[in-house]
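Text of final-v8.csv, listed as CSV, C-alpha atoms:
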chain,number,residue,atom,x,y,z
A,129,MET,CA,56.8,66.9,96.4
A,130,LYS,CA,54.0,66.6,93.8
A,131,GLY,CA,53.5,68.7,90.7
A,132,MET,CA,51.1,71.6,90.2
A,133,THR,CA,48.0,72.0,87.9
A,134,LEU,CA,47.8,71.6,84.1
A,135,ILE,CA,48.0,75.4,83.6
A,136,VAL,CA,51.3,75.7,85.5
A,137,LYS,CA,52.7,72.7,83.7
A,138,THR,CA,51.8,74.2,80.3
A,139,VAL,CA,53.2,77.6,81.1
A,140,THR,CA,56.4,75.9,82.4
A,141,ARG,CA,56.7,73.9,79.2
A,142,LEU,CA,56.4,77.1,77.1
A,143,THR,CA,58.7,79.3,79.2
A,144,LEU,CA,61.5,77.0,80.4
A,145,GLY,CA,63.4,77.2,77.1
A,146,LEU,CA,63.2,81.0,77.1
A,147,ILE,CA,64.5,81.2,80.7
A,148,MET,CA,67.5,78.9,79.9
A,149,LEU,CA,68.2,81.0,76.8
A,150,PHE,CA,68.2,84.2,78.9
A,151,GLY,CA,70.6,82.6,81.3
A,152,PHE,CA,72.9,81.5,78.5
A,153,TYR,CA,72.8,85.1,77.1
A,154,ILE,CA,73.6,86.7,80.4
A,155,PHE,CA,76.7,84.6,81.1
A,156,MET,CA,78.0,84.5,77.5
A,157,HIS,CA,77.8,88.2,77.0
A,158,GLY,CA,79.2,89.1,80.4
A,159,HIS,CA,82.3,90.7,78.9
A,160,VAL,CA,80.4,92.6,76.2
A,161,SER,CA,77.3,94.0,77.9
A,162,HIS,CA,75.8,93.7,81.4
A,163,GLY,CA,75.7,90.5,83.3
A,164,VAL,CA,78.2,88.1,84.8
A,165,GLY,CA,78.6,84.4,85.2
A,166,PHE,CA,77.2,84.4,88.6
A,167,ALA,CA,73.8,85.9,87.5
A,168,GLY,CA,73.6,83.5,84.5
A,169,GLY,CA,74.3,80.5,86.8
A,170,VAL,CA,71.5,81.6,89.2
A,171,ILE,CA,69.1,82.1,86.3
A,172,ILE,CA,69.8,78.6,85.0
A,173,ALA,CA,69.4,77.1,88.6
A,174,LEU,CA,66.1,79.0,88.8
A,175,GLY,CA,65.0,77.3,85.6
A,176,PHE,CA,65.8,73.8,87.0
A,177,ILE,CA,63.9,74.8,90.2
A,178,HIS,CA,60.9,76.0,88.1
A,179,LEU,CA,60.8,72.5,86.4
A,180,MET,CA,60.9,70.8,89.8
A,181,LEU,CA,58.2,73.0,91.4
A,182,ALA,CA,55.9,72.6,88.4
A,183,TYR,CA,56.3,68.9,87.5
A,184,GLY,CA,57.3,67.4,90.8
A,185,LYS,CA,60.3,65.6,92.2
A,186,LYS,CA,60.2,62.4,90.1
A,187,TYR,CA,59.9,64.1,86.7
A,188,ALA,CA,62.6,66.6,87.4
A,189,ALA,CA,64.9,64.0,88.8
A,190,ALA,CA,64.6,62.0,85.6
A,191,LYS,CA,65.5,65.1,83.6
A,192,ILE,CA,68.2,66.6,85.8
A,193,GLY,CA,68.8,64.9,89.1
A,194,GLU,CA,71.2,64.9,92.0
A,195,LYS,CA,74.0,63.1,90.0
A,196,GLN,CA,73.9,65.6,87.1
A,197,ALA,CA,74.0,68.5,89.6
A,198,TYR,CA,77.0,67.1,91.3
A,199,LEU,CA,78.6,66.5,87.8
A,200,LEU,CA,77.9,70.2,86.8
A,201,LYS,CA,79.3,71.6,90.0
A,202,ASN,CA,82.5,69.5,90.2
A,203,SER,CA,83.3,69.7,86.5
A,204,GLY,CA,82.8,73.5,86.6
A,205,LEU,CA,85.3,73.9,89.4
A,206,LEU,CA,87.8,71.6,87.7
A,207,ILE,CA,87.5,73.6,84.4
A,208,LEU,CA,87.9,76.8,86.4
A,209,LEU,CA,91.2,75.6,87.9
A,210,ALA,CA,92.4,74.2,84.6
A,211,ILE,CA,91.8,77.6,82.9
A,212,SER,CA,93.6,79.4,85.8
A,213,ALA,CA,96.6,77.0,85.6
A,214,ALA,CA,96.8,77.1,81.8
A,215,GLY,CA,98.4,80.5,82.0
A,216,PHE,CA,101.6,78.8,83.3
A,217,MET,CA,102.0,76.9,80.0
A,218,TYR,CA,102.1,80.2,78.0
A,219,GLY,CA,104.3,81.9,80.5
A,220,LYS,CA,101.7,84.3,81.8
A,221,GLY,CA,101.4,83.0,85.3
A,222,PHE,CA,98.4,81.9,87.3
A,223,LEU,CA,95.1,83.4,85.9
A,224,GLY,CA,97.1,84.9,83.0
A,225,ASN,CA,95.3,85.8,79.8
A,226,PHE,CA,96.7,83.3,77.3
A,227,LEU,CA,94.3,83.9,74.5
A,228,GLY,CA,95.0,87.5,73.6
A,229,ASN,CA,92.5,90.4,73.6
A,230,GLY,CA,90.9,89.8,70.2
A,231,LYS,CA,88.5,92.3,68.5
A,232,PRO,CA,86.5,94.4,70.9
A,233,PHE,CA,82.7,94.1,71.1
A,234,GLU,CA,82.7,90.6,69.6
A,235,LEU,CA,81.5,87.5,71.4
A,236,PHE,CA,84.9,85.7,71.2
A,237,SER,CA,87.1,88.4,72.6
A,238,ALA,CA,88.6,89.5,75.8
A,239,GLY,CA,90.7,86.4,76.3
A,240,ILE,CA,89.8,83.9,79.0
A,241,MET,CA,86.7,85.8,80.2
A,242,LEU,CA,84.2,83.8,78.2
A,243,LEU,CA,85.7,80.5,79.4
A,244,PHE,CA,85.9,81.9,83.0
A,245,ASN,CA,82.2,83.0,82.9
A,246,THR,CA,81.1,79.6,81.6
A,247,ALA,CA,82.9,77.7,84.3
A,248,ILE,CA,81.6,80.1,87.0
A,249,CYS,CA,78.0,79.6,85.6
A,250,ALA,CA,78.3,75.8,85.8
A,251,VAL,CA,79.6,75.9,89.4
A,252,VAL,CA,76.9,78.3,90.6
A,253,ALA,CA,74.0,76.6,88.7
A,254,GLY,CA,75.0,73.1,90.1
A,255,CYS,CA,75.6,74.4,93.7
A,256,LEU,CA,72.3,76.3,94.0
A,257,TYR,CA,70.2,73.6,92.4
A,258,LEU,CA,71.9,71.1,94.8
A,259,VAL,CA,70.8,73.2,97.8
A,260,PHE,CA,67.2,73.1,96.6
A,261,ILE,CA,67.3,69.3,95.9
A,262,THR,CA,68.8,68.8,99.4
A,263,LEU,CA,65.9,70.8,101.0
A,264,VAL,CA,63.4,68.7,99.1
A,265,GLU,CA,65.1,65.3,99.4
A,266,PHE,CA,66.4,65.2,103.0
A,267,LYS,CA,64.6,65.4,106.3
A,268,ILE,CA,65.4,68.5,108.4
A,269,LYS,CA,64.3,67.3,111.8
A,270,LYS,CA,65.4,64.0,113.2
B,34,MET,CA,67.9,111.2,94.8
B,35,LEU,CA,64.4,111.6,96.2
B,36,SER,CA,63.3,108.3,94.8
B,37,ILE,CA,66.1,106.4,96.5
B,38,ASP,CA,65.2,108.1,99.9
B,39,LEU,CA,61.6,107.0,99.5
B,40,LEU,CA,62.6,103.5,98.6
B,41,LEU,CA,64.9,103.3,101.6
B,42,ILE,CA,62.1,104.5,103.9
B,43,PHE,CA,59.8,101.8,102.6
B,44,MET,CA,62.6,99.2,102.9
B,45,ILE,CA,63.1,100.1,106.6
B,46,ILE,CA,59.4,99.8,107.2
B,47,ALA,CA,59.3,96.4,105.5
B,48,ALA,CA,62.3,95.3,107.6
B,49,ILE,CA,60.6,96.3,110.8
B,50,LEU,CA,57.4,94.5,109.7
B,51,ALA,CA,59.4,91.4,108.9
B,52,LEU,CA,60.7,91.3,112.5
B,53,GLN,CA,57.4,92.1,114.2
B,54,LEU,CA,54.8,90.1,112.2
B,55,LYS,CA,53.5,86.9,113.8
B,56,ASP,CA,52.8,85.1,110.5
B,57,LEU,CA,56.0,83.6,109.1
B,58,LEU,CA,54.9,83.8,105.4
B,59,SER,CA,54.0,87.5,105.6
B,60,SER,CA,57.4,88.2,107.3
B,61,VAL,CA,59.2,86.3,104.4
B,62,ILE,CA,57.3,88.4,101.9
B,63,SER,CA,58.4,91.6,103.6
B,64,ILE,CA,62.0,90.4,103.5
B,65,GLY,CA,61.5,89.9,99.8
B,66,PHE,CA,60.3,93.5,99.5
B,67,VAL,CA,63.6,94.7,101.2
B,68,GLY,CA,65.7,92.7,98.6
B,69,LEU,CA,63.8,93.8,95.6
B,70,GLY,CA,63.8,97.4,96.7
B,71,LEU,CA,67.6,97.1,97.1
B,72,SER,CA,67.8,95.9,93.5
B,73,ILE,CA,65.8,99.0,92.3
B,74,CYS,CA,68.2,101.1,94.4
B,75,PHE,CA,71.2,99.6,92.6
B,76,LEU,CA,69.5,100.3,89.2
B,77,LEU,CA,68.9,103.9,90.2
B,78,LEU,CA,72.5,104.3,91.3
B,79,LYS,CA,73.5,103.1,87.8
B,80,ALA,CA,74.9,99.7,88.7
B,81,PRO,CA,72.9,97.3,86.4
B,82,ASP,CA,75.3,94.3,86.8
B,83,LEU,CA,74.7,94.4,90.6
B,84,ALA,CA,71.0,94.9,90.1
B,85,ILE,CA,70.7,91.8,88.0
B,86,VAL,CA,72.6,89.7,90.5
B,87,GLN,CA,70.6,91.1,93.5
B,88,LEU,CA,67.2,90.5,91.7
B,89,VAL,CA,68.0,87.0,90.7
B,90,VAL,CA,69.5,85.9,94.1
B,91,GLU,CA,66.6,87.5,95.9
B,92,ILE,CA,64.1,85.5,93.9
B,93,LEU,CA,66.0,82.2,94.7
B,94,VAL,CA,66.2,83.0,98.4
B,95,LEU,CA,62.5,83.8,98.5
B,96,ILE,CA,61.6,80.5,96.8
B,97,ILE,CA,63.7,78.6,99.4
B,98,LEU,CA,62.4,80.6,102.4
B,99,ILE,CA,58.7,80.2,101.3
B,100,ARG,CA,59.2,76.5,100.8
B,101,MET,CA,60.7,76.2,104.3
B,102,THR,CA,57.9,78.2,105.9
B,103,VAL,CA,55.0,76.6,104.0
B,104,THR,CA,56.1,73.0,104.9
B,105,HIS,CA,57.1,74.1,108.5
B,106,ASP,CA,60.4,72.2,108.1
B,107,GLY,CA,62.9,74.7,109.4
B,108,VAL,CA,60.9,76.2,112.2
B,109,ILE,CA,63.0,75.7,115.3
B,110,ARG,CA,61.8,77.5,118.4
B,111,HIS,CA,64.3,78.2,121.1
B,112,LYS,CA,63.5,79.1,124.6
B,113,ASN,CA,64.1,82.8,125.5
B,114,ASP,CA,67.7,82.8,126.6
B,115,LYS,CA,68.5,86.0,128.5
B,116,PHE,CA,72.3,85.6,128.1
B,117,LEU,CA,72.0,85.4,124.3
B,118,SER,CA,69.8,88.5,123.9
B,119,VAL,CA,72.1,90.5,126.3
B,120,ALA,CA,75.2,89.4,124.4
B,121,ALA,CA,73.6,90.2,121.0
B,122,ALA,CA,72.6,93.7,122.3
B,123,VAL,CA,76.2,94.4,123.6
B,124,PHE,CA,77.9,93.2,120.5
B,125,THR,CA,75.5,95.2,118.3
B,126,ALA,CA,76.2,98.4,120.3
B,127,LEU,CA,80.0,97.8,120.1
B,128,PHE,CA,79.7,97.2,116.4
B,129,MET,CA,77.7,100.4,115.9
B,130,ILE,CA,80.3,102.5,117.9
B,131,ILE,CA,83.2,101.0,115.9
B,132,CYS,CA,81.3,101.7,112.7
B,133,TYR,CA,80.7,105.3,113.7
B,134,HIS,CA,84.4,105.9,114.2
B,135,ALA,CA,85.4,104.0,111.1
B,136,LEU,CA,82.9,105.7,108.8
B,137,LYS,CA,84.2,109.1,109.7
B,138,TYR,CA,87.3,108.3,107.6
B,139,MET,CA,85.4,107.2,104.6
B,140,PRO,CA,85.1,109.6,101.6
B,141,GLU,CA,81.7,111.2,101.2
B,142,PHE,CA,78.9,109.5,99.3
B,143,GLY,CA,79.2,110.4,95.6
B,144,SER,CA,82.8,111.6,95.7
B,145,PRO,CA,85.0,108.6,95.9
B,146,LEU,CA,88.8,108.5,96.2
B,147,MET,CA,90.0,107.8,92.6
B,148,LYS,CA,93.5,106.2,93.4
B,149,THR,CA,93.3,102.7,92.0
B,150,SER,CA,90.0,103.1,90.2
B,151,SER,CA,91.3,105.9,87.9
B,152,VAL,CA,94.0,103.4,86.7
B,153,TYR,CA,91.3,100.8,86.1
B,154,LEU,CA,89.1,103.2,84.2
B,155,ALA,CA,91.9,104.4,82.0
B,156,LYS,CA,93.5,101.0,81.3
B,157,GLY,CA,90.5,98.6,81.7
B,158,PHE,CA,89.5,98.5,78.0
B,159,PRO,CA,92.9,98.4,76.4
B,160,ALA,CA,94.4,96.0,78.9
B,161,THR,CA,91.7,93.3,78.9
B,162,GLY,CA,89.7,93.9,75.7
B,163,ALA,CA,86.3,93.7,77.6
B,164,SER,CA,83.9,96.5,76.8
B,165,ASN,CA,82.0,96.0,80.0
B,166,ILE,CA,84.1,97.8,82.6
B,167,VAL,CA,82.7,95.8,85.5
B,168,SER,CA,83.7,92.5,83.9
B,169,SER,CA,87.2,93.9,83.0
B,170,ILE,CA,87.7,94.7,86.7
B,171,ALA,CA,86.1,91.6,88.2
B,172,LEU,CA,87.5,89.0,85.8
B,173,GLY,CA,90.6,90.9,84.6
B,174,PHE,CA,92.3,92.9,87.3
B,175,ARG,CA,90.7,91.1,90.2
B,176,ALA,CA,90.3,87.6,88.9
B,177,TYR,CA,91.7,86.2,92.1
B,178,ASP,CA,88.6,87.7,93.9
B,179,SER,CA,86.2,85.9,91.5
B,180,LEU,CA,88.1,82.6,91.9
B,181,ALA,CA,87.9,82.8,95.7
B,182,GLU,CA,84.2,83.8,95.5
B,183,ILE,CA,83.4,80.7,93.6
B,184,ILE,CA,85.5,78.5,96.0
B,185,VAL,CA,83.6,80.1,98.9
B,186,ILE,CA,80.2,79.1,97.3
B,187,PHE,CA,81.5,75.6,96.6
B,188,THR,CA,82.7,75.2,100.2
B,189,ALA,CA,79.4,76.6,101.6
B,190,VAL,CA,77.3,74.1,99.6
B,191,ILE,CA,79.5,71.2,100.7
B,192,ALA,CA,79.0,72.3,104.3
B,193,VAL,CA,75.2,72.4,103.7
B,194,LEU,CA,75.2,69.0,102.2
B,195,ALA,CA,77.3,67.6,105.1
B,196,ILE,CA,74.9,68.9,107.7
B,197,MET,CA,71.7,67.9,105.8
B,198,ARG,CA,72.8,64.4,105.1
B,199,ASN,CA,73.0,63.8,108.8
B,200,THR,CA,69.2,63.3,109.2
B,201,GLY,CA,68.6,60.9,106.3
B,202,ARG,CA,66.3,61.0,103.2
B,203,ARG,CA,62.5,61.5,103.3
B,204,ASN,CA,60.3,58.6,102.3
Rewritten as structure tokens:
Amino acid sequence: MKGMTLIVKTVTRLTLGLIMLFGFYIFMHGHVSHGVGFAGGVIIALGFIHLMLAYGKKYAAAKIGEKQAYLLKNSGLLILLAISAAGFMYGKGFLGNFLGNGKPFELFSAGIMLLFNTAICAVVAGCLYLVFITLVEFKIKK
Amino acid sequence: MLSIDLLLIFMIIAAILALQLKDLLSSVISIGFVGLGLSICFLLLKAPDLAIVQLVVEILVLIILIRMTVTHDGVIRHKNDKFLSVAAAVFTALFMIICYHALKYMPEFGSPLMKTSSVYLAKGFPATGASNIVSSIALGFRAYDSLAEIIVIFTAVIAVLAIMRNTGRRN
């Protein structure tokens, strides 16, 4: 897969940071305003796909390739399970809220929700980007 | 609710077009119209969380489908199998009949049963500390659901990788 024209590349260079920032906003403020970890993860995966469509396979693979996507997905799920199991240590049981509720309407409030959303976002971003990489990289017919 | 009805009519027209059009790219674009219309419907029914997810996922699916149709990778033409089409028709008819009988017991649209949801609405904010009520339900009261949902995505992607790796890399 080759890259696109200079116009597309320039627009991508200007907008990719904003797309990533929006994704981060969506998943980090999931417990305060609208948005959840799933949507944030999909937006970040779309940012990676945007990079690959505009600049081509080689350039995108050097920035974030298959190995990094695997790392993102696997570490996200491990963190998710670790957060879930950490409730046992505080005597709250599986998926228990061990951090306390905190002050409402603040970023670091509502207990484990921020951590949970972050882990969900990592898993979803890694998984969906990996599907796209697989479609680009592997043959479909024999 | 007139706007939702109009949108639904347009979505049904687009869905029929997607089935009937000969050109694959046009049919993919009409599928995209259905999904984006659904996103606006969610927004009009005051569910912005769902609207964000629907919009974003629809765009991702459109990108993947357009790439598949443009490169003619995933186009697999089967022979017309009469048994399959008859079986599909029978199962669709059975499903519709069961749905008709099941939906008679559902509460009417716009007047839900408030058995568990009234507890969630009353205790959602004090119990979890999240000001977004959707998050307090999805990640607080029903965190098991979210965990299982993520595990489902993970498993699905592993299955996709296992199938795709069978054919080998492109040169």
Contact check, chain B to chain A, at most 6 Å, counting only C-alpha atoms, closest pairs as CSV:
residue,atom,partner,partner_atom,distance
B:Asp82,CA,A:Gly163,CA,5.2
B:Val86,CA,A:Ala167,CA,5.0
B:Thr161,CA,A:Ala238,CA,5.8
B:Gly162,CA,A:Ala238,CA,4.5
B:Ala163,CA,A:Ala238,CA,5.1
B:Ser164,CA,A:Val160,CA,5.3
B:Asn165,CA,A:Val160,CA,5.3
B:Ser168,CA,A:His159,CA,5.5
B:Thr200,CA,A:Lys270,CA,5.6
B:Gly201,CA,A:Phe266,CA,5.8
B:Arg202,CA,A:Phe266,CA,4.2
B:Arg203,CA,A:Lys267,CA,5.3
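The set of protein, DNA and RNA residues with any counted atom at most 7 Å from (63.4, 79.1, 83.8) (only C-alpha atoms) reads Thr143, Leu144, Gly145, Leu146, Ile147, Met148, Ile171, Ile172, Leu174, Gly175, Phe176 and His178 of chain A.
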Next on the checklist: So that I can see what lies close to region 145-158 of chain B, please list as a PyMOL selection string the residues with an atom at most 8 Å from it, counting only C-alpha atoms and leaving out residues fewer than 6 positions away in the same chain.
Outcome noted: chain B and resi 164+166+169-170
Checklist outcome for this item: note - CA of Phe43 (chain B) and CA of Phe66 (chain B) are separated by 8.9 Å
Item to check | CA of Leu88 (chain B) to CA of Leu71 (chain B), distance in Å rounded to a single decimal | outcome: 8.5 Å
Checklist entry - Interatomic distance between CA of Cys74 (chain B) and CA of Pro140 (chain B)? => result 20.2 Å
Next on the checklist: Nearest residue to Phe155 (chain A) out of B:Ile85, B:Leu58, B:Leu95, B:Ala122, using only C-alpha atoms?
Outcome noted: B:Ile85
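Minimum atom-to-atom distance to Met34 (chain B), evaluated using only C-alpha atoms, belongs to B:Leu77 out of B:Ala181, B:Ile191, B:Leu77, B:Leu54.
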